[in-house]
file structure-v7.tsv (TSV, C-alpha atoms)
chain	number	residue	atom	x	y	z
A	1	MET	CA	-26.59	-11.79	9.89
A	2	ASN	CA	-23.52	-13.62	11.21
A	3	THR	CA	-20.59	-12.06	9.39
A	4	LEU	CA	-16.85	-12.49	9.73
A	5	GLY	CA	-16.78	-8.89	10.96
A	6	LYS	CA	-19.07	-9.88	13.83
A	7	LEU	CA	-16.85	-12.85	14.62
A	8	LYS	CA	-13.81	-10.57	14.64
A	9	LEU	CA	-15.42	-8.15	17.09
A	10	ASP	CA	-16.55	-11.09	19.22
A	11	LEU	CA	-13.00	-12.45	19.39
A	12	MET	CA	-11.64	-9.01	20.27
A	13	GLY	CA	-14.20	-8.66	23.05
A	14	ARG	CA	-14.36	-12.18	24.46
A	15	GLY	CA	-11.05	-13.74	23.45
A	16	VAL	CA	-10.72	-17.42	22.63
A	17	VAL	CA	-10.84	-20.61	24.73
A	18	LEU	CA	-8.32	-23.38	24.07
A	19	PRO	CA	-9.18	-26.88	25.34
A	20	GLU	CA	-6.18	-28.57	26.93
A	21	ALA	CA	-5.49	-30.79	23.92
A	22	VAL	CA	-5.53	-27.78	21.59
A	23	ARG	CA	-3.30	-25.76	23.89
A	24	LYS	CA	-0.69	-28.56	23.77
A	25	ASP	CA	-0.70	-28.72	19.97
A	26	GLU	CA	2.75	-27.82	18.63
A	27	LEU	CA	1.45	-25.41	15.99
A	28	VAL	CA	-0.80	-23.63	18.49
A	29	ALA	CA	2.05	-23.32	20.98
A	30	ALA	CA	4.35	-21.93	18.29
A	31	SER	CA	1.69	-19.41	17.21
A	32	MET	CA	1.28	-17.80	20.62
A	33	TYR	CA	1.97	-14.08	21.01
A	34	LYS	CA	2.88	-12.39	24.28
A	35	ASP	CA	1.23	-8.99	24.65
A	36	ARG	CA	0.71	-6.92	27.80
A	37	GLY	CA	1.41	-9.96	29.92
A	38	ARG	CA	-1.20	-12.18	28.29
A	39	ASP	CA	-1.23	-14.93	25.67
A	40	GLU	CA	-2.81	-14.11	22.32
A	41	LEU	CA	-3.42	-15.89	19.03
A	42	ALA	CA	-3.69	-14.24	15.63
A	43	PHE	CA	-6.30	-15.71	13.27
A	44	LEU	CA	-6.78	-15.41	9.54
A	45	LEU	CA	-10.57	-15.51	9.24
A	46	SER	CA	-10.46	-15.16	5.46
A	47	GLU	CA	-7.86	-14.03	2.96
A	48	ASP	CA	-6.58	-10.59	4.11
A	49	PHE	CA	-8.98	-10.46	7.10
A	50	PHE	CA	-7.39	-11.10	10.47
A	51	VAL	CA	-7.74	-10.55	14.21
A	52	ARG	CA	-5.83	-11.09	17.46
A	53	ALA	CA	-7.63	-12.61	20.43
A	54	ALA	CA	-6.58	-13.06	24.06
A	55	VAL	CA	-6.51	-16.67	25.30
A	56	GLN	CA	-9.13	-17.22	28.02
A	57	ALA	CA	-9.49	-19.88	30.70
A	58	GLU	CA	-11.69	-22.88	29.91
A	59	GLY	CA	-15.31	-22.26	30.79
A	60	ALA	CA	-15.30	-18.64	29.62
A	61	ASP	CA	-18.15	-17.51	27.39
A	62	SER	CA	-15.88	-17.15	24.37
A	63	PRO	CA	-15.41	-18.74	20.95
A	64	THR	CA	-13.58	-22.07	21.31
A	65	LEU	CA	-10.82	-23.33	19.06
A	66	HIS	CA	-10.98	-26.99	17.94
A	67	ILE	CA	-8.84	-29.16	15.68
A	68	GLU	CA	-10.90	-31.16	13.20
A	69	LYS	CA	-9.17	-33.33	10.59
A	70	ASP	CA	-5.99	-31.23	10.58
A	71	ARG	CA	-7.82	-27.93	10.34
A	72	PHE	CA	-8.68	-25.30	12.93
A	73	VAL	CA	-12.31	-24.45	13.61
A	74	LEU	CA	-13.76	-21.74	15.83
A	75	SER	CA	-17.12	-22.53	17.40
A	76	HIS	CA	-19.39	-20.23	19.39
A	77	GLY	CA	-22.95	-21.32	20.00
A	78	PRO	CA	-24.43	-22.79	16.80
A	79	ASN	CA	-21.89	-21.13	14.52
A	80	GLU	CA	-18.59	-22.52	13.24
A	81	ALA	CA	-15.84	-21.01	11.10
A	82	GLY	CA	-12.69	-22.54	9.65
A	83	VAL	CA	-9.64	-20.41	10.44
A	84	ARG	CA	-5.87	-20.37	10.07
A	85	LEU	CA	-3.31	-19.37	12.67
A	86	ILE	CA	-0.80	-16.60	11.98
A	87	PRO	CA	2.41	-17.34	13.92
A	88	PRO	CA	4.62	-14.48	15.12
A	89	PRO	CA	7.30	-13.50	12.61
A	90	GLN	CA	10.74	-14.82	13.49
A	91	PHE	CA	12.26	-11.35	13.78
A	92	LEU	CA	9.67	-10.44	16.43
A	93	GLN	CA	10.49	-13.54	18.43
A	94	VAL	CA	14.16	-12.58	18.41
A	95	ALA	CA	13.36	-8.98	19.40
A	96	ASP	CA	12.61	-9.62	23.09
A	97	PRO	CA	11.33	-6.41	24.80
A	98	ALA	CA	12.91	-7.52	28.08
A	99	LYS	CA	16.37	-7.60	26.49
A	100	LYS	CA	15.90	-4.92	23.84
A	101	PRO	CA	13.42	-2.16	24.79
A	102	VAL	CA	13.08	-1.05	21.16
A	103	ALA	CA	11.08	-4.25	20.52
A	104	ALA	CA	8.19	-2.82	22.53
A	105	ASN	CA	7.68	-0.30	19.71
A	106	ILE	CA	7.10	-2.89	16.97
A	107	GLN	CA	3.85	-4.49	15.85
A	108	MET	CA	2.79	-6.42	12.76
A	109	ASP	CA	-0.69	-5.58	11.51
A	110	GLY	CA	-1.37	-7.99	8.69
A	111	TYR	CA	1.43	-7.38	6.20
A	112	CYS	CA	2.10	-3.84	7.47
A	113	LEU	CA	5.06	-3.33	9.80
A	114	ASN	CA	4.16	-0.71	12.42
A	115	LEU	CA	6.85	1.21	14.29
A	116	PHE	CA	5.69	3.42	17.17
A	117	LEU	CA	7.79	6.54	17.59
A	118	ARG	CA	7.89	9.70	19.68
A	119	ALA	CA	10.05	12.77	19.25
A	120	ASP	CA	11.52	15.06	21.87
A	121	PRO	CA	9.92	18.49	21.12
A	122	GLN	CA	13.17	20.30	21.91
A	123	THR	CA	15.77	18.16	20.18
A	124	GLU	CA	13.48	16.27	17.74
A	125	LYS	CA	15.40	13.14	18.71
A	126	LEU	CA	13.35	9.97	18.22
A	127	ASN	CA	12.94	7.25	20.84
A	128	MET	CA	14.26	4.70	18.30
A	129	PRO	CA	17.65	5.19	16.60
A	130	GLU	CA	17.58	5.35	12.83
A	131	ARG	CA	19.92	2.33	12.54
A	132	ASP	CA	17.46	0.21	14.59
A	133	ILE	CA	14.55	1.30	12.42
A	134	ILE	CA	16.38	0.31	9.24
A	135	ALA	CA	17.51	-3.01	10.78
A	136	LEU	CA	13.94	-3.90	11.82
A	137	ILE	CA	12.52	-3.09	8.40
A	138	ARG	CA	15.25	-5.13	6.74
A	139	SER	CA	14.50	-8.12	9.01
A	140	ALA	CA	10.78	-7.97	8.22
A	141	PHE	CA	11.38	-7.73	4.46
A	142	GLU	CA	14.00	-10.47	4.40
A	143	GLU	CA	11.61	-12.78	6.25
A	144	GLY	CA	8.87	-11.88	3.76
A	145	VAL	CA	6.27	-10.93	6.37
A	146	ALA	CA	5.84	-7.24	5.48
A	147	ASP	CA	4.93	-5.44	2.26
A	148	LEU	CA	4.85	-1.88	3.56
A	149	VAL	CA	5.82	0.19	6.60
A	150	GLN	CA	3.78	2.50	8.79
A	151	LEU	CA	5.54	4.96	11.11
A	152	ASN	CA	3.29	6.03	14.01
A	153	LEU	CA	4.26	9.31	15.68
A	154	GLU	CA	2.90	10.32	19.08
A	155	PHE	CA	1.25	13.73	19.59
A	156	CYS	CA	3.63	16.67	19.94
A	157	GLU	CA	2.76	20.26	20.92
A	158	LYS	CA	4.94	21.87	18.25
A	159	GLU	CA	3.18	23.52	15.30
A	160	ASP	CA	4.49	20.83	12.95
A	161	ARG	CA	3.49	18.09	15.46
A	162	CYS	CA	7.18	17.01	15.27
A	163	LEU	CA	6.60	15.63	11.78
A	164	HIS	CA	9.83	17.23	10.56
A	165	ALA	CA	11.68	14.89	12.93
A	166	MET	CA	10.67	12.06	10.60
A	167	THR	CA	12.52	13.48	7.58
A	168	PRO	CA	15.91	11.74	8.13
A	169	VAL	CA	14.16	8.43	8.81
A	170	MET	CA	12.01	8.75	5.69
A	171	LYS	CA	15.01	9.51	3.50
A	172	SER	CA	16.93	6.58	4.96
A	173	ILE	CA	14.04	4.16	4.38
A	174	LYS	CA	13.65	5.30	0.79
A	175	LYS	CA	17.40	5.03	0.24
A	176	ASN	CA	17.58	1.47	1.56
A	177	PHE	CA	14.29	-0.08	0.40
A	178	ARG	CA	11.75	-0.05	-2.41
A	179	THR	CA	8.65	0.19	-0.29
A	180	PHE	CA	5.63	2.33	0.35
A	181	VAL	CA	5.67	4.22	3.64
A	182	ALA	CA	2.66	5.42	5.60
A	183	LEU	CA	3.10	8.07	8.28
A	184	ARG	CA	0.55	8.36	11.06
A	185	GLY	CA	0.63	11.67	12.88
A	186	PHE	CA	-1.47	14.63	13.92
A	187	LEU	CA	-2.62	17.45	11.68
A	188	PRO	CA	-0.05	20.28	11.82
A	189	ASP	CA	-0.82	23.98	12.19
A	190	ASP	CA	1.89	24.77	9.64
A	191	LEU	CA	0.65	23.75	6.18
A	192	ALA	CA	4.16	23.79	4.71
A	193	THR	CA	4.86	20.73	6.88
A	194	ILE	CA	2.48	18.72	4.70
A	195	ASP	CA	4.44	19.64	1.56
A	196	HIS	CA	7.64	18.75	3.38
A	197	MET	CA	6.37	15.29	4.33
A	198	TYR	CA	5.37	14.52	0.77
A	199	ALA	CA	8.72	15.74	-0.56
A	200	ALA	CA	10.54	13.63	2.07
A	201	GLY	CA	8.99	10.46	0.65
A	202	VAL	CA	5.79	9.81	2.62
A	203	ASP	CA	3.40	7.89	0.34
A	204	ILE	CA	0.36	7.67	2.63
A	205	MET	CA	-0.63	10.20	5.27
A	206	VAL	CA	-2.74	8.91	8.15
A	207	PHE	CA	-4.16	11.56	10.48
A	208	ALA	CA	-5.85	11.46	13.87
A	209	PHE	CA	-8.02	14.29	15.17
A	210	THR	CA	-7.00	15.79	18.50
A	211	GLY	CA	-10.69	16.28	19.27
A	212	GLY	CA	-10.31	19.85	20.58
A	213	SER	CA	-13.10	22.17	19.40
A	214	GLN	CA	-10.72	25.17	19.18
A	215	SER	CA	-8.42	23.36	16.79
A	216	ARG	CA	-11.16	21.93	14.55
A	217	GLU	CA	-10.98	24.78	12.03
A	218	LYS	CA	-7.18	24.47	11.67
A	219	GLU	CA	-7.45	20.70	11.36
A	220	GLN	CA	-10.06	21.06	8.63
A	221	ARG	CA	-7.83	23.42	6.69
A	222	ALA	CA	-4.82	21.12	7.02
A	223	LEU	CA	-6.87	18.10	5.95
A	224	GLU	CA	-8.18	19.86	2.85
A	225	TYR	CA	-4.67	21.02	2.00
A	226	SER	CA	-3.33	17.47	2.31
A	227	THR	CA	-5.72	16.16	-0.34
A	228	GLY	CA	-4.21	18.63	-2.81
A	229	VAL	CA	-0.67	17.54	-2.01
A	230	PHE	CA	-0.86	13.76	-1.74
A	231	THR	CA	-1.95	11.28	-4.40
A	232	PRO	CA	-5.76	10.88	-4.56
A	233	GLY	CA	-6.83	8.15	-2.15
A	234	SER	CA	-3.66	8.33	-0.03
A	235	VAL	CA	-4.90	10.63	2.74
A	236	PHE	CA	-6.63	8.74	5.57
A	237	ILE	CA	-8.07	9.88	8.88
A	238	GLU	CA	-9.09	7.85	11.93
A	239	VAL	CA	-12.70	8.20	13.07
A	240	GLY	CA	-14.34	6.73	16.17
A	241	PHE	CA	-17.73	4.98	16.10
A	242	GLY	CA	-19.03	7.33	18.80
A	243	HIS	CA	-22.03	6.70	21.04
A	244	GLY	CA	-25.72	7.48	20.98
A	245	ASP	CA	-27.10	9.30	17.92
A	246	LEU	CA	-25.65	7.96	14.66
A	247	SER	CA	-26.30	11.11	12.63
A	248	ALA	CA	-23.17	12.99	13.77
A	249	VAL	CA	-20.81	10.16	12.76
A	250	ARG	CA	-22.70	9.59	9.50
A	251	ASP	CA	-22.42	13.29	8.64
A	252	GLN	CA	-18.70	13.21	9.45
A	253	LEU	CA	-18.13	10.21	7.16
A	254	THR	CA	-20.11	11.84	4.35
A	255	HIS	CA	-18.15	15.09	4.69
A	256	LEU	CA	-14.77	13.37	4.69
A	257	THR	CA	-15.48	11.20	1.65
A	258	LYS	CA	-16.71	14.28	-0.27
A	259	MET	CA	-13.33	15.88	0.48
A	260	GLY	CA	-11.54	12.85	-0.95
A	261	VAL	CA	-10.30	11.72	2.46
A	262	ILE	CA	-10.68	8.03	3.35
A	263	PRO	CA	-12.04	7.50	6.87
A	264	LEU	CA	-10.61	4.64	8.93
A	265	LEU	CA	-13.20	3.52	11.47
A	266	LYS	CA	-11.33	2.57	14.65
A	267	LEU	CA	-12.55	-0.72	16.09
A	268	PRO	CA	-12.99	-0.75	19.88
A	269	GLU	CA	-9.79	-2.23	21.35
A	270	ASP	CA	-11.80	-4.58	23.56
A	271	GLY	CA	-14.23	-5.54	20.82
A	272	VAL	CA	-18.00	-5.58	21.18
A	273	ARG	CA	-20.34	-7.90	23.08
A	274	ASP	CA	-23.62	-5.99	22.90
A	275	GLN	CA	-25.94	-6.74	19.96
A	276	ALA	CA	-27.02	-3.08	19.72
A	277	GLU	CA	-23.38	-2.07	19.35
A	278	PHE	CA	-22.87	-4.68	16.62
A	279	GLU	CA	-25.78	-3.15	14.74
A	280	ARG	CA	-24.39	0.37	15.23
A	281	ILE	CA	-21.05	-0.64	13.74
A	282	HIS	CA	-22.76	-2.46	10.85
A	283	THR	CA	-24.81	0.66	10.06
A	284	LEU	CA	-21.79	2.97	10.01
A	285	VAL	CA	-19.64	0.56	7.98
A	286	GLU	CA	-22.41	0.27	5.40
A	287	HIS	CA	-22.71	4.07	5.27
A	288	LEU	CA	-18.94	4.39	4.81
A	289	ALA	CA	-18.86	1.83	1.98
A	290	LYS	CA	-21.75	3.47	0.12
A	291	ASN	CA	-20.23	6.95	0.38
A	292	ALA	CA	-16.82	5.73	-0.78
A	293	GLN	CA	-18.51	4.18	-3.82
A	294	ARG	CA	-20.64	7.26	-4.45
A	295	GLN	CA	-17.59	9.55	-4.37
A	296	LYS	CA	-15.55	7.08	-6.45
A	297	LEU	CA	-12.72	7.13	-3.92
A	298	ASN	CA	-9.44	5.55	-5.01
A	299	LEU	CA	-9.02	2.54	-2.71
A	300	LYS	CA	-5.73	1.29	-4.20
A	301	TRP	CA	-3.66	2.79	-1.40
A	302	LEU	CA	-5.61	1.04	1.36
A	303	TYR	CA	-4.28	-2.03	3.16
A	304	PRO	CA	-6.08	-4.46	5.50
A	305	SER	CA	-5.79	-3.72	9.21
A	306	GLY	CA	-6.66	-5.68	12.30
A	307	ARG	CA	-7.65	-2.49	14.14
A	308	MET	CA	-9.62	-0.50	11.54
A	309	VAL	CA	-12.54	-0.86	9.15
A	310	THR	CA	-12.17	0.81	5.77
A	311	PRO	CA	-14.09	0.73	2.47
A	312	LEU	CA	-11.60	-2.00	1.47
A	313	ASP	CA	-12.70	-4.59	4.04
A	314	ALA	CA	-16.24	-3.32	4.66
A	315	PRO	CA	-17.72	-6.37	2.81
A	316	PHE	CA	-16.60	-8.61	5.71
A	317	PHE	CA	-19.00	-6.69	7.97
A	318	MET	CA	-21.85	-6.63	5.46
A	319	GLU	CA	-21.88	-9.91	3.54
A	320	PRO	CA	-22.13	-13.62	4.43
A	321	PRO	CA	-18.78	-15.34	5.17
A	322	GLU	CA	-18.94	-17.46	2.03
A	323	THR	CA	-19.11	-14.43	-0.33
A	324	ALA	CA	-17.25	-11.68	1.60
A	325	ARG	CA	-14.07	-10.46	-0.09
A	326	LEU	CA	-12.00	-7.28	-0.06
A	327	ALA	CA	-13.48	-4.57	-2.28
A	328	LEU	CA	-10.41	-4.93	-4.51
A	329	ARG	CA	-7.12	-6.81	-4.52
A	330	PRO	CA	-4.54	-4.89	-2.47
A	331	VAL	CA	-1.92	-3.44	-4.79
A	332	TYR	CA	0.79	-4.33	-2.26
A	333	LYS	CA	0.22	-8.05	-2.88
A	334	SER	CA	0.79	-7.78	-6.63
A	335	ARG	CA	4.33	-7.26	-7.93
A	336	LEU	CA	3.01	-5.81	-11.19
A	337	GLY	CA	0.60	-3.54	-9.33
A	338	ARG	CA	3.29	-2.36	-6.94
A	339	THR	CA	5.70	-1.59	-9.79
A	340	ALA	CA	3.06	0.43	-11.64
A	341	LEU	CA	2.05	2.33	-8.51
A	342	GLU	CA	5.70	2.98	-7.59
A	343	GLY	CA	6.31	4.49	-11.02
A	344	PHE	CA	3.23	6.68	-10.80
A	345	ALA	CA	4.07	7.82	-7.25
A	346	ALA	CA	7.70	8.60	-8.14
A	347	LEU	CA	6.72	10.70	-11.17
A	348	ARG	CA	4.00	12.57	-9.29
A	349	ARG	CA	6.35	13.27	-6.36
A	350	LYS	CA	9.08	14.52	-8.70
A	351	LEU	CA	6.70	16.99	-10.35
A	352	ARG	CA	5.18	18.09	-7.05
A	353	VAL	CA	8.54	18.59	-5.36
A	354	LYS	CA	9.70	20.69	-8.34
A	355	ASN	CA	6.60	22.86	-7.94
A	356	ILE	CA	7.30	23.25	-4.23
A	357	SER	CA	10.92	24.23	-4.91
A	358	ASP	CA	9.87	26.74	-7.58
A	359	SER	CA	7.31	28.27	-5.21
A	360	TYR	CA	9.88	28.65	-2.45
A	361	GLU	CA	12.39	30.24	-4.82
A	362	SER	CA	9.87	32.75	-6.20
A	363	ALA	CA	8.96	33.70	-2.63
A	364	GLY	CA	12.61	34.25	-1.79
A	365	LEU	CA	12.69	31.40	0.77

call {"tool": "encode", "arguments": {"input": "structure-v7.tsv", "output": "structure tokens"}}
result
Amino acid sequence: MNTLGKLKLDLMGRGVVLPEAVRKDELVAASMYKDRGRDELAFLLSEDFFVRAAVQAEGADSPTLHIEKDRFVLSHGPNEAGVRLIPPPQFLQVADPAKKPVAANIQMDGYCLNLFLRADPQTEKLNMPERDIIALIRSAFEEGVADLVQLNLEFCEKEDRCLHAMTPVMKSIKKNFRTFVALRGFLPDDLATIDHMYAAGVDIMVFAFTGGSQSREKEQRALEYSTGVFTPGSVFIEVGFGHGDLSAVRDQLTHLTKMGVIPLLKLPEDGVRDQAEFERIHTLVEHLAKNAQRQKLNLKWLYPSGRMVTPLDAPFFMEPPETARLALRPVYKSRLGRTALEGFAALRRKLRVKNISDSYESAGL
């Protein structure tokens, strides 16, 4: 079956060809991104389903972009798909990495503003000043291109994985904006760190496994603990598609969903060209979607991503283009839904933080 998910992976793997007339089109020219020294275009394949593709030279075996009656169409072989272009936000165009190095740590992923951070293990000083972080978030919100923020923290050897370094930033974001904040980091050895992150204002915790066999038991304990701290459905973990036998990845997805953790299947950065690999991804996405439904996972905290597959956008990899939709409407796109979720999250955090404080006091800490 030709799905929009397959088209997305094809674009990631092969890029897109622009005939000369298309390349000269004003809208196409204004929609061009510069990334790692190459030109890229961002496409909206369907509502809330998007992808970025590198521009290839004419003659390449890649999907080709055409303009037909004032609409954009991607063609590859016998298949065609109407698409829309997503131009770079204005604040990203102003933030030139050559003039302002902090701009290299910014990326829009759909309507999620990603900031990529690292902390000095000794001083816990971040590579991006707090004032710059706040200014970037404000620019994205004022332009109306972002609905939530994700802070991405590099791996750190400290027991808390330097997550405590994020506390001042989290408090500043919450003080200045009404927004949900996701924090991507690595599972800490110190379980109290997880309580601290929730108390500091983190709404969504996104984890990545280190992959070390010796740390697997500690990671498992930290992951289980997180599901008892954070709101149901707001603990995610990144999972690779793996190679060879499917059973190990399937078992991992089943185990995680039973725990109440939502797996995020990481799409290969360079896409997929091999039909067998397409089928592998389809099989695992289908398995993920069925397990999420079986375990009645709360999907309200999920948001579409150009780099991941989740139970939210799994239908785009499983259903025909004309019927594929997100599993549910993202709460971030609904003002009423956001207000209700904000109220619930604030009340739950208040009660949880009080419990944490009471526990610390009774322990004499």

call {"tool": "closest_residue", "arguments": {"input": "structure-v7.tsv", "among": "A:Asn105, A:Ser305, A:Thr231, A:Thr283", "to": "Ile133 of chain A", "atoms": "all atoms listed in the file"}}
result
A:Asn105

call {"tool": "closest_residue", "arguments": {"input": "structure-v7.tsv", "among": "A:Val145, A:Leu126, A:Leu136, A:Val28", "to": "Cys112 of chain A", "atoms": "all atoms listed in the file"}}
result
A:Val145

call {"tool": "closest_residue", "arguments": {"input": "structure-v7.tsv", "among": "A:His282, A:His287, A:Lys300, A:His66", "to": "Glu319 of chain A", "atoms": "all atoms listed in the file"}}
result
A:His282

call {"tool": "atom_distance", "arguments": {"input": "structure-v7.tsv", "atom1": "atom CA of Leu148 of chain A", "atom2": "atom CA of Pro87 of chain A"}}
result
18.8 Å

call {"tool": "closest_residue", "arguments": {"input": "structure-v7.tsv", "among": "A:Lys350, A:Arg329, A:Gly240, A:Tyr198", "to": "Val309 of chain A", "atoms": "all atoms listed in the file"}}
result
A:Gly240

call {"tool": "atom_distance", "arguments": {"input": "structure-v7.tsv", "atom1": "atom CA of Ala119 of chain A", "atom2": "atom CA of Val235 of chain A"}}
result
22.4 Å
